[in-house]
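A quick write-up on the structure given underneath.
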Amino acid sequence: MAVKVILEVQAKPGTGDELVALFRSILPETRAYEGCTGADALQNSDDSDNVAVVETWDSREHYEKYLAWQRDRGTSDRLKEALAEPPSIRHFNVADA
């Protein structure tokens with residue numbers, strides 16, 4: 001079953017554009033990873049330090065495998081260094097409504 005993953009992060013004050021640049025460097029590999037069918041970064045128009053990434057995966061298992069790969073590569077640590085607070089990661093099953 002397809003899943004949507006929403007990662008919402010708050011950059012350190014005044015560094016939202018730098019965080020978007022980090023995602024710009026990461027997301028091409030994300031989109032190419034097995035099971036990913038889409039990934040977009042969204043920058044809040046009212047708070048440029050607030051960024052969300054919306055990803056679509058064939059299954060939660062595909063996403064979990066990808067997340068472990070990113071952790072092993074140190075990408076998660078790079079992201080954490082840029083954040084003012086811990087990220088929010090939410091998983092949604094795609095409902096046929």
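Chain labels follow the order of the structure tokens: the first chain is A, the next B, and so on; residue numbering restarts at 1 in every chain, and ligands are counted from 1 in their shown order.
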Hey, what does DSSP flag as helix (DSSP H, G or I) within chain A? Can you give it to me as a ChimeraX atom specification?
/A:16-32,60-73,75-82
Would you mind listing what lies within 12 Å of A:Ala95 as a PyMOL selection string, with only C-alpha atoms counted and same-chain residues fewer than 5 positions away left out?
chain A and resi 1-4
Would you mind exporting C-alpha atoms of the selected residues as a PDB file, in the first residue's frame?
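Saved file again.pdb follows:
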ATOM      1  CA  MET A   1       0.000   0.000   0.000  1.00  0.00           C
ATOM      2  CA  ALA A   2       1.340   3.433  -0.938  1.00  0.00           C
ATOM      3  CA  VAL A   3       2.277   5.727   1.919  1.00  0.00           C
ATOM      4  CA  LYS A   4       2.933   9.430   2.255  1.00  0.00           C
TER       5      LYS A   4
END
All residues 9 Å or closer to stretch 10-16 of chain A, only C-alpha atoms, same chain fewer than 2 positions away omitted, as number ranges by chain:
A: 8, 18-21, 43, 47-52, 81-87
In chain A, DSSP strand (DSSP E) residues written as a PyMOL selection string
chain A and resi 3-10+36-43+50-57+88-93
So which residues touch A:Glu64 within 12 Å, counting only C-alpha atoms, skipping near sequence neighbours fewer than 2 positions away, as a PyMOL selection string?
chain A and resi 3+5+33-36+57-62+66-71+89+91
Distance in Å - atom CA of A:Leu27 versus atom CA of A:Arg90
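Computed distance, atom CA of A:Leu27 to atom CA of A:Arg90, equals 17.8 Å.
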Kindly give the distance, in Å, that separates atom CA of A:Ser45 and atom CA of A:Lys80, rounded to a single decimal.
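These two atoms are separated by 22.2 Å.
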Of A:Val54, A:Val94, A:Leu79, A:Leu42, the one sitting nearest A:Ile26 when using only C-alpha atoms is A:Leu79
One decimal, Å: what's the distance from atom CA of A:Ala39 over to atom CA of A:Val53, could you say?
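It comes out at 6.8 Å.
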Neighbouring residues of A:Ser88 were defined as those with any atom within 9 Å, considering only C-alpha atoms; residues of the same chain fewer than 4 positions away were excluded. Please report them as a count of residues only.
4
